Every structure is written in C-alpha cells, then in structure tokens.
file structure_27.txt (compact mmCIF, C-alpha atoms and all ligand atoms)
# COMPACT_ATOMS: atom_id res chain seq x y z
CA MET A 1 -18.79 -39.33 -7.05
CA VAL A 2 -18.25 -42.59 -8.89
CA THR A 3 -21.89 -43.56 -8.35
CA ALA A 4 -23.12 -40.22 -9.55
CA LEU A 5 -21.06 -40.46 -12.70
CA ALA A 6 -21.59 -44.16 -13.36
CA ARG A 7 -22.86 -44.84 -16.85
CA THR A 8 -22.68 -41.18 -17.75
CA VAL A 9 -21.12 -40.43 -21.09
CA PHE A 10 -18.44 -37.81 -20.61
CA ASN A 11 -15.06 -36.71 -21.81
CA PRO A 12 -12.43 -37.17 -19.08
CA HIS A 13 -10.36 -34.35 -20.55
CA HIS A 14 -13.12 -31.90 -19.71
CA TYR A 15 -13.68 -33.48 -16.33
CA LEU A 16 -10.00 -33.37 -15.37
CA ARG A 17 -9.83 -29.72 -16.38
CA VAL A 18 -12.52 -28.65 -13.96
CA GLN A 19 -11.62 -31.00 -11.12
CA PRO A 20 -8.11 -32.41 -10.72
CA LEU A 21 -8.23 -36.07 -9.64
CA ASN A 22 -5.95 -37.97 -7.30
CA VAL A 23 -3.99 -40.94 -8.63
CA ALA A 24 -6.59 -43.54 -7.59
CA GLN A 25 -9.35 -41.58 -9.30
CA GLN A 26 -7.23 -41.16 -12.40
CA LEU A 27 -6.64 -44.93 -12.46
CA LEU A 28 -10.38 -45.50 -12.29
CA CYS A 29 -10.89 -43.00 -15.04
CA VAL A 30 -8.17 -44.24 -17.36
CA ALA A 31 -9.11 -47.88 -16.79
CA ASN A 32 -12.32 -47.12 -18.60
CA HIS A 33 -11.33 -44.24 -20.80
CA GLY A 34 -8.00 -45.08 -22.35
CA ASN A 35 -9.35 -43.80 -25.63
CA GLY A 36 -10.40 -40.46 -24.13
CA SER A 37 -14.16 -40.94 -23.79
CA GLY A 38 -16.76 -43.52 -22.85
CA PHE A 39 -18.60 -44.78 -19.76
CA TRP A 40 -17.33 -44.14 -16.23
CA GLN A 41 -17.31 -47.33 -14.19
CA PRO A 42 -15.35 -48.29 -11.08
CA ILE A 43 -12.65 -50.95 -11.31
CA ASP A 44 -13.91 -54.36 -10.14
CA ARG A 45 -12.70 -54.44 -6.53
CA ALA A 46 -12.84 -58.26 -6.47
CA ARG A 47 -10.20 -58.35 -9.21
CA PRO A 48 -7.65 -55.63 -8.46
CA PRO A 49 -5.35 -54.72 -11.36
CA SER A 50 -1.93 -56.38 -11.54
CA ALA A 51 1.33 -54.46 -11.13
CA PHE A 52 1.75 -54.62 -14.91
CA HIS A 53 -1.68 -53.08 -15.46
CA ILE A 54 -1.05 -50.37 -12.87
CA HIS A 55 2.23 -49.50 -14.58
CA ARG A 56 0.46 -49.27 -17.94
CA LEU A 57 -2.37 -47.22 -16.45
CA MET A 58 0.10 -44.82 -14.82
CA SER A 59 1.83 -44.29 -18.18
CA THR A 60 -1.54 -43.57 -19.74
CA CYS A 61 -2.28 -41.13 -16.90
CA ARG A 62 0.98 -39.32 -17.54
CA SER A 63 0.32 -39.02 -21.26
CA LEU A 64 -3.22 -37.84 -20.48
CA GLU A 65 -1.82 -35.24 -18.12
CA GLU A 66 0.65 -34.07 -20.75
CA ARG A 67 -2.23 -33.59 -23.16
CA LEU A 68 -4.29 -31.58 -20.67
CA GLU A 69 -4.53 -27.88 -21.32
CA LYS A 70 -2.35 -25.85 -18.97
CA TYR A 71 -2.22 -22.16 -18.19
CA ARG A 72 0.77 -19.89 -17.81
CA SER A 73 0.84 -16.70 -15.76
CA VAL A 74 1.99 -13.77 -17.87
CA SER A 75 2.49 -10.29 -16.43
CA PHE A 76 3.98 -7.10 -17.77
CA TYR A 77 3.73 -3.37 -17.48
CA ALA A 78 4.85 -0.33 -19.42
CA ILE A 79 4.98 3.30 -18.41
CA HIS A 80 3.90 5.01 -21.58
CA PRO A 81 1.61 8.02 -22.15
CA LEU A 82 -1.66 7.13 -23.87
CA ARG A 83 -3.99 9.60 -25.54
CA PRO A 84 -7.04 10.23 -23.32
CA ASP A 85 -9.33 10.29 -26.38
CA SER A 86 -8.23 6.81 -27.45
CA ILE A 87 -8.16 5.07 -24.08
CA HIS A 88 -11.66 3.58 -24.37
CA ASP A 89 -10.93 2.26 -27.87
CA LEU A 90 -7.81 0.64 -26.45
CA LYS A 91 -9.86 -0.95 -23.68
CA THR A 92 -12.26 -2.47 -26.24
CA THR A 93 -9.38 -3.67 -28.42
CA ILE A 94 -7.61 -5.39 -25.50
CA ARG A 95 -10.81 -6.93 -24.23
CA SER A 96 -11.81 -8.49 -27.54
CA GLY A 97 -8.21 -9.49 -28.37
CA LEU A 98 -7.70 -11.36 -25.09
CA ALA A 99 -11.17 -12.92 -25.17
CA SER A 100 -10.39 -14.37 -28.61
CA LEU A 101 -7.24 -15.91 -27.08
CA ASP A 102 -9.20 -17.51 -24.17
CA THR A 103 -7.17 -15.41 -21.75
CA LEU A 104 -8.35 -14.36 -18.29
CA GLY A 105 -6.88 -11.84 -15.88
CA ARG A 106 -6.67 -8.18 -15.04
CA VAL A 107 -5.48 -5.31 -17.25
CA TYR A 108 -5.25 -1.71 -16.06
CA ILE A 109 -4.65 1.14 -18.49
CA ALA A 110 -4.23 4.83 -17.70
CA ALA A 111 -3.79 7.86 -19.96
CA GLU A 112 -1.23 10.69 -19.77
CA ASN A 113 1.26 9.90 -16.99
CA GLY A 114 0.13 6.28 -17.29
CA GLY A 115 0.56 3.12 -19.35
CA ILE A 116 -0.48 -0.49 -18.93
CA ASN A 117 -0.23 -3.06 -16.14
CA ALA A 118 -1.42 -6.62 -16.83
CA GLN A 119 -1.59 -9.93 -14.99
CA LEU A 120 -2.94 -12.72 -17.16
CA SER A 121 -3.57 -16.44 -17.15
CA VAL A 122 -3.03 -17.72 -20.69
CA PRO A 123 -3.58 -21.20 -22.22
CA MET A 124 -0.13 -22.59 -23.02
CA ASP A 125 -0.74 -22.71 -26.75
CA LYS A 126 -1.89 -19.06 -26.77
CA VAL A 127 1.07 -17.49 -24.93
CA SER A 128 2.89 -16.41 -28.09
CA GLY A 129 -0.44 -15.17 -29.51
CA VAL A 130 -0.93 -12.94 -26.46
CA THR A 131 2.58 -11.48 -26.54
CA SER A 132 2.29 -10.86 -30.31
CA PHE A 133 -1.08 -9.20 -29.76
CA PHE A 134 0.40 -6.64 -27.34
CA ASN A 135 3.62 -6.19 -29.32
CA ASP A 136 1.55 -5.26 -32.39
CA LEU A 137 -0.76 -2.76 -30.66
CA MET A 138 -0.30 0.63 -32.35
CA TYR A 139 -1.08 2.40 -29.07
CA PHE A 140 2.29 1.20 -27.73
CA LYS A 141 4.43 1.97 -30.75
CA GLY A 142 8.10 2.05 -29.76
CA VAL A 143 7.50 0.20 -26.46
CA ARG A 144 9.33 -3.07 -25.89
CA PHE A 145 7.27 -5.06 -23.41
CA GLU A 146 9.21 -7.22 -20.99
CA TYR A 147 7.03 -10.18 -20.15
CA ASN A 148 7.27 -11.96 -16.81
CA PHE A 149 6.21 -15.60 -16.91
CA GLY A 150 5.11 -17.46 -13.78
CA THR A 151 7.43 -20.19 -12.54
CA GLU A 152 4.59 -22.72 -12.18
CA ASP A 153 1.94 -23.53 -14.79
CA THR A 154 -1.54 -24.43 -13.56
CA LEU A 155 -4.22 -26.87 -14.73
CA GLN A 156 -6.86 -24.21 -14.21
CA PRO A 157 -6.77 -20.48 -14.99
CA ALA A 158 -5.43 -18.41 -12.08
CA PHE A 159 -8.21 -15.85 -12.67
CA LYS A 160 -11.95 -16.39 -12.90
CA LYS A 161 -12.67 -13.46 -15.23
CA LEU A 162 -11.13 -11.06 -17.69
CA LYS A 163 -11.21 -7.45 -16.49
CA VAL A 164 -9.89 -4.55 -18.54
CA MET A 165 -10.19 -1.27 -16.66
CA VAL A 166 -9.36 2.36 -17.34
CA LYS A 167 -7.76 3.90 -14.25
CA LYS A 168 -6.93 7.48 -13.29
CA GLN A 169 -3.48 6.31 -12.23
CA LEU A 170 -1.62 3.20 -13.35
CA VAL A 171 -0.87 2.39 -9.71
CA ALA A 172 -2.89 4.21 -7.06
CA ASP A 173 -0.24 6.06 -5.06
CA GLY A 174 -2.48 8.48 -3.13
CA MET A 175 -0.21 11.41 -4.07
CA ILE A 176 -1.67 14.88 -4.55
CA HIS A 177 1.13 16.19 -6.77
CA ASN A 178 2.05 14.58 -10.04
CA TYR A 179 5.59 13.49 -10.80
CA ASP A 180 7.28 12.25 -13.93
CA LEU A 181 7.10 8.46 -14.14
CA SER A 182 9.78 8.41 -16.83
CA ASN A 183 12.37 9.54 -14.23
CA GLN A 184 13.36 5.97 -13.38
CA PRO A 185 15.85 4.51 -10.88
CA THR A 186 18.66 2.23 -12.07
CA HIS A 187 17.26 -1.13 -13.14
CA LEU A 188 19.38 -4.12 -12.10
CA ASP A 189 18.69 -7.43 -13.79
CA ALA A 190 18.37 -10.53 -11.60
CA ALA A 191 22.03 -11.54 -12.04
CA GLU A 192 23.35 -8.06 -11.12
CA TRP A 193 20.90 -7.89 -8.22
CA HIS A 194 22.02 -11.26 -6.85
CA GLU A 195 25.69 -10.40 -7.19
CA GLN A 196 25.44 -6.96 -5.60
CA LEU A 197 23.29 -8.10 -2.68
CA SER A 198 25.50 -11.16 -2.12
CA THR A 199 28.57 -8.92 -1.98
CA ARG A 200 27.07 -6.25 0.27
CA GLY A 201 25.21 -8.64 2.55
CA THR A 202 23.57 -6.97 5.52
CA ASP A 203 25.23 -3.63 4.64
CA ALA A 204 22.85 -3.16 1.70
CA PHE A 205 19.83 -1.01 2.49
CA LEU A 206 17.02 -2.97 0.92
CA ILE A 207 13.36 -1.89 0.84
CA ASP A 208 10.48 -4.29 0.22
CA MET A 209 7.86 -2.07 -1.45
CA ARG A 210 5.05 -4.60 -1.02
CA ASN A 211 2.29 -4.92 1.57
CA HIS A 212 2.75 -6.63 4.94
CA TYR A 213 0.96 -9.86 3.95
CA GLU A 214 3.21 -10.29 0.91
CA TYR A 215 6.29 -9.84 3.10
CA GLU A 216 4.87 -12.32 5.61
CA ILE A 217 5.11 -15.37 3.33
CA GLY A 218 8.33 -14.52 1.48
CA ARG A 219 11.04 -11.86 1.23
CA PHE A 220 14.68 -11.12 0.53
CA VAL A 221 16.80 -11.69 3.59
CA HIS A 222 17.39 -8.42 5.52
CA ALA A 223 14.76 -6.51 3.52
CA ARG A 224 13.14 -3.62 5.33
CA LYS A 225 9.45 -4.26 5.78
CA MET A 226 7.19 -1.30 5.01
CA ASP A 227 4.49 -2.83 7.23
CA VAL A 228 1.63 -1.28 5.25
CA ASP A 229 -1.73 -2.54 4.01
CA THR A 230 -1.62 -0.80 0.63
CA PHE A 231 0.80 0.76 -1.83
CA GLN A 232 -0.64 4.19 -1.00
CA GLU A 233 0.40 3.75 2.62
CA GLY A 234 3.79 2.51 1.42
CA MET A 235 4.36 5.71 -0.56
CA LYS A 236 3.64 7.79 2.55
CA GLU A 237 5.93 5.62 4.63
CA LEU A 238 8.75 6.10 2.10
CA ASP A 239 9.23 9.72 3.22
CA ASN A 240 9.82 8.58 6.80
CA VAL A 241 12.13 5.78 5.76
CA MET A 242 14.30 7.91 3.49
CA ALA A 243 14.56 10.86 5.88
CA ALA A 244 16.70 8.79 8.22
CA ARG A 245 19.20 7.53 5.62
CA SER A 246 22.69 8.83 4.95
CA GLN A 247 23.37 10.68 1.70
CA ASP A 248 26.05 8.28 0.47
CA GLU A 249 24.05 5.14 0.91
CA GLU A 250 22.98 2.97 -1.99
CA ILE A 251 19.33 2.00 -1.83
CA TYR A 252 17.86 -1.17 -3.28
CA MET A 253 14.13 -1.74 -3.72
CA TYR A 254 11.99 -4.56 -5.06
CA CYS A 255 8.38 -5.68 -5.49
CA THR A 256 6.56 -8.53 -7.25
CA GLY A 257 6.99 -7.61 -10.92
CA GLY A 258 8.66 -4.19 -10.81
CA ILE A 259 5.87 -1.67 -11.38
CA ARG A 260 5.54 -0.50 -7.77
CA CYS A 261 9.29 0.21 -7.63
CA SER A 262 9.09 2.04 -10.95
CA VAL A 263 6.48 4.35 -9.41
CA ALA A 264 8.18 4.65 -6.00
CA GLY A 265 11.61 5.15 -7.61
CA ALA A 266 10.30 7.88 -9.92
CA TYR A 267 8.64 9.55 -6.94
CA LEU A 268 11.85 9.54 -4.91
CA ARG A 269 13.94 10.82 -7.80
CA SER A 270 11.45 13.57 -8.62
CA LYS A 271 10.54 14.58 -5.11
CA GLY A 272 13.61 16.55 -4.11
CA PHE A 273 13.73 18.64 -7.26
CA ASN A 274 10.02 19.48 -7.16
CA ASN A 275 10.12 20.36 -3.48
CA VAL A 276 13.07 22.71 -3.94
CA LYS A 277 11.13 24.54 -6.58
CA MET A 278 8.00 24.73 -4.49
CA ARG A 279 9.42 25.36 -1.02
CA LEU A 280 12.50 27.50 -0.59
CA ALA A 281 12.84 27.34 3.18
CA TRP A 282 16.56 26.84 3.88
CA ILE A 283 16.27 23.62 5.87
CA THR A 284 13.98 22.10 3.27
CA LEU A 285 16.43 23.07 0.55
CA ILE A 286 19.37 21.42 2.36
CA PHE A 287 17.36 18.29 3.03
CA ASN A 288 16.20 17.99 -0.54
CA LEU A 289 19.65 18.51 -2.02
CA LEU A 290 20.89 15.69 0.18
CA ALA A 291 17.90 13.66 -0.78
CA VAL A 292 18.47 14.13 -4.49
CA LYS A 293 22.07 13.03 -4.12
CA SER A 294 21.10 10.02 -2.08
CA PHE A 295 18.28 8.94 -4.36
CA THR A 296 20.45 8.92 -7.46
CA SER A 297 21.97 5.71 -5.99
CA LEU A 298 18.61 4.02 -6.16
CA CYS A 299 18.46 0.54 -7.70
CA LYS A 300 15.41 -1.58 -8.37
CA LEU A 301 15.15 -5.24 -9.30
CA LYS A 302 14.15 -5.40 -12.97
CA GLY A 303 11.18 -7.74 -13.42
CA GLY A 304 10.78 -8.04 -9.64
CA ILE A 305 10.82 -11.26 -7.63
CA THR A 306 9.31 -13.16 -10.56
CA SER A 307 12.37 -12.58 -12.74
CA TYR A 308 14.66 -13.41 -9.81
CA ALA A 309 12.83 -16.75 -9.38
CA HIS A 310 13.48 -17.55 -13.06
CA HIS A 311 17.13 -16.62 -12.65
CA LEU A 312 17.39 -19.15 -9.80
CA ARG A 313 15.74 -21.86 -11.91
CA GLN A 314 18.26 -21.24 -14.67
CA ASN A 315 21.17 -21.19 -12.20
CA PRO A 316 20.44 -23.96 -9.68
CA HIS A 317 23.92 -23.64 -8.13
CA LEU A 318 22.94 -20.22 -6.69
CA SER A 319 21.71 -19.99 -3.13
CA SER A 320 18.48 -17.96 -3.15
CA LEU A 321 18.58 -14.65 -1.31
CA PHE A 322 14.78 -14.69 -1.41
CA LYS A 323 13.20 -17.04 1.12
CA GLY A 324 9.68 -18.44 0.89
CA LYS A 325 6.85 -17.62 -1.51
CA ASN A 326 6.31 -14.79 -3.96
CA PHE A 327 2.76 -13.57 -3.26
CA THR A 328 0.67 -13.23 -6.44
CA PHE A 329 -2.54 -11.26 -6.90
CA ASP A 330 -4.42 -14.14 -8.49
CA ASP A 331 -6.19 -17.28 -7.28
CA ARG A 332 -2.85 -18.99 -6.55
CA ARG A 333 -2.00 -16.39 -3.89
CA GLY A 334 1.69 -17.08 -4.41
CA GLU A 335 4.30 -19.28 -6.04
CA PRO A 336 7.26 -20.80 -4.17
CA VAL A 337 10.73 -19.37 -4.78
CA SER A 338 12.55 -21.37 -2.08
CA SER A 339 11.40 -24.26 0.12
CA ASP A 340 11.55 -22.12 3.29
CA ILE A 341 8.25 -21.59 5.11
CA LEU A 342 8.39 -18.21 6.84
CA ALA A 343 4.80 -17.76 8.01
CA HIS A 344 2.45 -19.47 10.44
CA CYS A 345 -1.20 -20.49 10.30
CA HIS A 346 -3.24 -17.67 11.83
CA GLN A 347 -5.50 -20.21 13.52
CA CYS A 348 -3.22 -22.87 15.04
CA GLY A 349 0.26 -21.35 14.71
CA ALA A 350 1.72 -24.24 12.68
CA PRO A 351 4.37 -23.33 10.08
CA CYS A 352 2.43 -22.58 6.90
CA ASP A 353 2.51 -20.11 4.01
CA THR A 354 -0.78 -20.84 2.27
CA MET A 355 -2.75 -17.61 1.92
CA ARG A 356 -6.50 -17.90 1.47
CA ASN A 357 -9.56 -15.70 1.43
CA CYS A 358 -12.33 -16.64 3.85
CA ALA A 359 -14.99 -18.71 2.08
CA ASN A 360 -17.63 -16.37 3.50
CA THR A 361 -17.51 -13.96 0.55
CA LEU A 362 -18.97 -11.15 2.67
CA CYS A 363 -15.93 -11.44 4.96
CA HIS A 364 -13.27 -12.25 2.30
CA LEU A 365 -10.48 -11.95 4.90
CA LEU A 366 -7.00 -12.72 3.52
CA TYR A 367 -5.10 -14.88 5.99
CA VAL A 368 -2.74 -17.85 6.37
CA GLN A 369 -4.51 -21.15 7.01
CA CYS A 370 -3.10 -24.68 7.14
CA GLU A 371 -4.88 -27.69 5.62
CA ALA A 372 -5.97 -29.03 9.04
CA CYS A 373 -7.58 -25.71 10.03
CA LYS A 374 -9.11 -25.39 6.58
CA ARG A 375 -10.89 -28.72 7.01
CA LYS A 376 -11.84 -28.03 10.61
CA ASN A 377 -13.26 -24.58 9.85
CA SER A 378 -14.81 -25.31 6.44
CA ASP A 379 -12.42 -22.90 4.72
CA THR A 380 -13.50 -19.97 6.90
CA CYS A 381 -11.63 -17.64 9.25
CA SER A 382 -13.92 -17.88 12.28
CA GLU A 383 -16.80 -19.61 13.96
CA LEU A 384 -19.02 -16.72 12.88
CA CYS A 385 -18.11 -17.14 9.20
CA ARG A 386 -18.58 -20.91 9.47
CA ASN A 387 -22.03 -20.36 10.98
CA ILE A 388 -22.89 -17.87 8.25
CA LEU A 389 -22.02 -20.43 5.58
CA GLU A 390 -24.17 -22.99 7.39
CA GLY A 391 -27.04 -20.49 7.55
CA SER A 392 -27.19 -20.20 11.36
CA ALA A 393 -25.81 -16.65 11.64
CA GLU A 394 -25.97 -13.34 9.78
CA TRP A 395 -23.15 -11.07 8.64
CA ARG A 396 -23.54 -7.62 10.19
CA ASP A 397 -20.13 -6.12 9.41
CA GLY A 398 -19.39 -3.97 6.33
CA TYR A 399 -17.78 -5.36 3.19
CA ASP A 400 -14.13 -4.68 2.48
CA TYR A 401 -12.59 -6.54 -0.45
CA HIS A 402 -9.13 -5.85 0.96
CA ARG A 403 -9.82 -7.13 4.47
CA GLN A 404 -6.61 -8.63 5.85
CA ILE A 405 -5.00 -9.66 9.10
CA ARG A 406 -1.71 -8.53 10.60
CA PRO A 407 1.02 -11.15 11.11
CA ASN A 408 1.22 -12.80 14.54
CA LYS A 409 -2.47 -12.25 15.18
CA VAL A 410 -4.28 -15.48 15.99
CA LEU A 411 -7.84 -15.94 14.80
CA SER A 412 -10.23 -17.60 17.23
CA CYS A 413 -12.06 -20.49 15.66
ZN ZN B 1 -3.74 -24.27 11.31
ZN ZN B 2 -14.29 -14.83 7.62
call {"tool": "encode", "arguments": {"input": "structure_27.txt", "output": "structure tokens", "more": "lines below"}}
Ligand SMILES: [Zn+2]
Ligand SMILES: [Zn+2]
result
Amino acid sequence: MVTALARTVFNPHHYLRVQPLNVAQQLLCVANHGNGSGFWQPIDRARPPSAFHIHRLMSTCRSLEERLEKYRSVSFYAIHPLRPDSIHDLKTTIRSGLASLDTLGRVYIAAENGGINAQLSVPMDKVSGVTSFFNDLMYFKGVRFEYNFGTEDTLQPAFKKLKVMVKKQLVADGMIHNYDLSNQPTHLDAAEWHEQLSTRGTDAFLIDMRNHYEYEIGRFVHARKMDVDTFQEGMKELDNVMAARSQDEEIYMYCTGGIRCSVAGAYLRSKGFNNVKMRLAWITLIFNLLAVKSFTSLCKLKGGITSYAHHLRQNPHLSSLFKGKNFTFDDRRGEPVSSDILAHCHQCGAPCDTMRNCANTLCHLLYVQCEACKRKNSDTCSELCRNILEGSAEWRDGYDYHRQIRPNKVLSC
C-alpha cells in the first residue's frame, strides 16, 4: 500500500475517511502529513523515531482523528395519518432535504393508517439540521418526533445509500384486517422500564418482538423469544402467545426502537374489541373480553433498546438488564449495550456476536462469524460461496435478501 501511494499527492483526511488506518499506518501518514497534505513516504526504517517523536506523532494522530468527520445514527418514527394525494410530494421533499444534508439511510412513509419510520446515518455537524428539517415539515404538523441516537458514532456512514420509499403499511404486519394504530399500549420510559423489571424480576412476562437473529446476539434477561424470521410471523405468533396468559398478568414488550411494539401493542388492544363485533360465538366473546382486560396492562419500552442503552450510559451505576448487542438494520449490524457475548460463531462455535452478510452477494446469508473464520473463509459462509467468489463455482440457488440461519446451526466450511 505504501509503495502504491508513494509520491502520490493526496489528502490524508480523505484517505482516512474511506479506509481507517492502524496506529502504525497513521504514524507513517502523520510523519509526512502533519500539515494535512503532501507526499506519502514511509518512515526511514534505519532511523526509527525516538520516544519523544512517537509521543508527538500520537498527539497529532489524536487531533487528526478528532477533526475527522464522524457519523451519528439517528432513528425515529411517528404514527400519523398522511394524505394519500400528498405522499409522493413528501417523498420528494424528504429525499432532496436529506441529500442536501449529506445524509444516508432508509425512510419509509405510508398514508392513512401510516406515518414515517426512518433510520439514518448523519454527519455529526448535520444532526441538528436533520432534526430541524423533520420538525419543520408541514406534513407532520402537531407531531413531536422523538429521536433515537445511536450509542456509537462511526467514521463511515452506516448506510451506503439514501432510500425514501412509499409503503402500503408503515410496518408490514401481514394482517388482513386493519386496526387503529393510535390505540397504543402504555409507554414506559427507560427509567420506569428498568425499575419495574428490576422489581418484578422473573415474574414479569416480557416479550421480545424482534426476529430470532436479533434475539441471538442480545436481549433482556428472561425475555420470551418469538423465534420468528420476520415481524409478520411475529404478529401471527402473538395470538398463540397471548392465548395462554392469565387475565390479570401485566405484559411487557420491547423491540429495537419502539415501532414494532407500537404496531403489535395497537393490534393486541384493538383485536378483542373488533373480534367481538365480528364474531359473536359465546366462547369467542368470553375469550375476547378476557383478552381485552389482559391487554390493557400492556407496557412497551419507549424508544426501544436504543433508549435503554442511553439510559445506562447516563447512569453507569445501574446493572444492565439487557445483555449483549442491540442488532441494528444498517451496516454495523449491531451496537454493544453490555460486554456480554451471548452468541457463537456459526462456523467454529467460538463465543462471538459479530453478525455479517456473506460476501457472495447472491447468497447474502446473515450469520455470526468470528474474525478467524472470516479470514479463513474470505468473508463467506461456505466453501461454495468462497469458490463462487474465486470464480470456480456457480450460484444455482435463488436470491433471498433476507436469507438467514437459525441459532445453533453450524455452517460447514
Ligand atoms: Zn469462527
Ligand atoms: Zn454464502
């Protein structure tokens, strides 16, 4: 790399942004570019720098790092009806507004029983610009957005593109009948959530509304796993889960940022009432009356795991009830909440909670892979995928963007 770049005029700021360097590489860089630009040349190995010089170079590295552009993850959602005839104008407005703020990520908007759901990666100096942009949008007049900020900033954007999409539903729930999303469960903030779960301990009935691979790398202790691949499956599973619960029980539910529990909570609260109106069979009526009573004691974690992680940062004396990583639907594939490692590499079984997608983009399997297996298998999930990348095999399977592996399954490699 040094040879290739030798005597090439470049700006190390740009270089560091696209490819983070290790300390030795930074020393090489700063030794020749203390002023921010110039010629790249290796340090003279015959005359290694003194301790004093290394100390000075490290300080320069730190100040360089501080000056590097960083990105913050920003997510939020709002359940708010939007006029169907204005939804495409809104899409254009959001797209151009975020592009002008150098922001990447994913924004879903839906009309009628809909709203907005956004996960963004925003340059640090544009974060307030992005929140002001959404706060000022006339389409959301009267809505107070509650922004969730990631706990770890990144040197590179956590998304590769900006996508703004109009959806039929804000969150695809697979339901045939509509229900009122404004019929929300009780929202507990992170402090109330921590206190109530700490007090109730294992007696609390706690549902993790996320998918199995999110649960695999991190979860609240004693949470009930839905063991589903998608939110649609989770919504179906909810009926089975709730049917077995007692009417007096309090129910707690959580997800990454809160939107899935807003939808699931509204569904549970609406379901009994709607079913009574539609189906008057006596047993159904009894069941649904019990269900309505039970579901009024439904609490969700406001702001999801992300807000809980911030609460822990602000209150370091608290012992986290969430263990492991909070899975994120961006290139980071998760941010740590506690130092516990709950998962294992799907290839060698070593403790590991790094989720990756197979480098064979036709495969795109989401799985846990440790650094050693990553190196050994060239970032792929199998010998087949490795061979495909090397050009000695062909992919014959179909393409599924959401391809994933169940926990405890070991991949052959
Ligand atoms: Zn491994
Ligand atoms: Zn693969």
call {"tool": "closest_residue", "arguments": {"input": "structure_27.txt", "among": "A:Gln184, A:Asn377, A:Thr92, A:Ser338", "to": "ligand ZN 1 (chain B)", "atoms": "all atoms listed in the file"}}
result
A:Asn377
call {"tool": "residues_near_ligand", "arguments": {"input": "structure_27.txt", "ligand": "ligand ZN 2 (chain B)", "cutoff": "7 Å", "atoms": "all atoms listed in the file", "output": "CSV table (one decimal) with C-alpha atoms, in the frame of the given file"}}
result
chain,number,residue,atom,x,y,z
A,358,CYS,CA,-12.3,-16.6,3.8
A,359,ALA,CA,-15.0,-18.7,2.1
A,360,ASN,CA,-17.6,-16.4,3.5
A,363,CYS,CA,-15.9,-11.4,5.0
A,364,HIS,CA,-13.3,-12.2,2.3
A,365,LEU,CA,-10.5,-12.0,4.9
A,380,THR,CA,-13.5,-20.0,6.9
A,381,CYS,CA,-11.6,-17.6,9.2
A,382,SER,CA,-13.9,-17.9,12.3
A,385,CYS,CA,-18.1,-17.1,9.2
call {"tool": "residues_around", "arguments": {"input": "structure_27.txt", "residues": "A:Arg313", "least_positions_apart": "4", "cutoff": "9 Å", "atoms": "all atoms listed in the file", "output": "PDB file with C-alpha atoms, in the frame of the given file"}}
result
ATOM      1  CA  THR A 151       7.430 -20.190 -12.540  1.00  0.00           C
ATOM      2  CA  TYR A 308      14.660 -13.410  -9.810  1.00  0.00           C
ATOM      3  CA  ALA A 309      12.830 -16.750  -9.380  1.00  0.00           C
TER       4      ALA A 309
END
call {"tool": "closest_atom_pairs", "arguments": {"input": "structure_27.txt", "of": "stretch 92-131 of chain A", "to": "stretch 68-79 of chain A", "cutoff": "6 Å", "atoms": "only C-alpha atoms", "output": "CSV"}}
result
residue,atom,partner,partner_atom,distance
A:Gly114,CA,A:Ile79,CA,5.8
A:Gly115,CA,A:Ile79,CA,4.5
A:Ile116,CA,A:Tyr77,CA,5.3
A:Asn117,CA,A:Tyr77,CA,4.2
A:Ala118,CA,A:Ser75,CA,5.4
A:Gln119,CA,A:Ser75,CA,4.3
A:Leu120,CA,A:Val74,CA,5.1
A:Ser121,CA,A:Ser73,CA,4.6
A:Val122,CA,A:Tyr71,CA,5.2
A:Pro123,CA,A:Tyr71,CA,4.4
A:Met124,CA,A:Tyr71,CA,5.3
call {"tool": "write_last_selection", "arguments": {"input": "structure_27.txt", "atoms": "C-alpha atoms", "output": "short mmCIF file (atom, residue, chain, number, x, y, z; two decimals), keeping the file's coordinate frame"}}
result
data_model
loop_
_atom_site.label_atom_id
_atom_site.label_comp_id
_atom_site.auth_asym_id
_atom_site.auth_seq_id
_atom_site.Cartn_x
_atom_site.Cartn_y
_atom_site.Cartn_z
CA GLY A 114 0.13 6.28 -17.29
CA GLY A 115 0.56 3.12 -19.35
CA ILE A 116 -0.48 -0.49 -18.93
CA ASN A 117 -0.23 -3.06 -16.14
CA ALA A 118 -1.42 -6.62 -16.83
CA GLN A 119 -1.59 -9.93 -14.99
CA LEU A 120 -2.94 -12.72 -17.16
CA SER A 121 -3.57 -16.44 -17.15
CA VAL A 122 -3.03 -17.72 -20.69
CA PRO A 123 -3.58 -21.20 -22.22
CA MET A 124 -0.13 -22.59 -23.02
#
call {"tool": "closest_atom_pairs", "arguments": {"input": "structure_27.txt", "of": "chain A", "to": "ligand ZN 1 (chain B)", "cutoff": "8 Å", "atoms": "all atoms listed in the file", "output": "tab-separated table"}}
result
residue	atom	partner	partner_atom	distance
A:His344	CA	B:ZN1	ZN	7.9
A:Cys345	CA	B:ZN1	ZN	4.7
A:His346	CA	B:ZN1	ZN	6.6
A:Gln347	CA	B:ZN1	ZN	4.9
A:Cys348	CA	B:ZN1	ZN	4.0
A:Gly349	CA	B:ZN1	ZN	6.0
A:Ala350	CA	B:ZN1	ZN	5.6
A:Cys352	CA	B:ZN1	ZN	7.8
A:Gln369	CA	B:ZN1	ZN	5.4
A:Cys370	CA	B:ZN1	ZN	4.2
A:Glu371	CA	B:ZN1	ZN	6.7
A:Ala372	CA	B:ZN1	ZN	5.7
A:Cys373	CA	B:ZN1	ZN	4.3
A:Lys374	CA	B:ZN1	ZN	7.2
call {"tool": "atom_distance", "arguments": {"input": "structure_27.txt", "atom1": "atom CA of A:Lys236", "atom2": "atom CA of A:Tyr254"}}
result
16.7 Å
call {"tool": "closest_residue", "arguments": {"input": "structure_27.txt", "among": "A:Lys376, A:His194, A:Arg200, A:Lys161", "to": "A:Ile305", "atoms": "only C-alpha atoms"}}
result
A:His194
call {"tool": "residues_around", "arguments": {"input": "structure_27.txt", "residues": "stretch 205-217 of chain A", "least_positions_apart": "6", "cutoff": "9 Å", "atoms": "all atoms listed in the file", "output": "ChimeraX atom specification"}}
result
/A:197,223-231,233-235,238,249-256,260-261,264,323-328,334,341-344,352-355,366-368,404-407
call {"tool": "residues_around", "arguments": {"input": "structure_27.txt", "residues": "A:Asp85", "least_positions_apart": "2", "cutoff": "12 Å", "atoms": "all atoms listed in the file", "output": "PyMOL selection string"}}
result
chain A and resi 81-83+87-91+110-112+139
call {"tool": "closest_residue", "arguments": {"input": "structure_27.txt", "among": "A:Val263, A:Val164, A:Leu321, A:Val130", "to": "A:Arg219", "atoms": "all atoms listed in the file"}}
result
A:Leu321
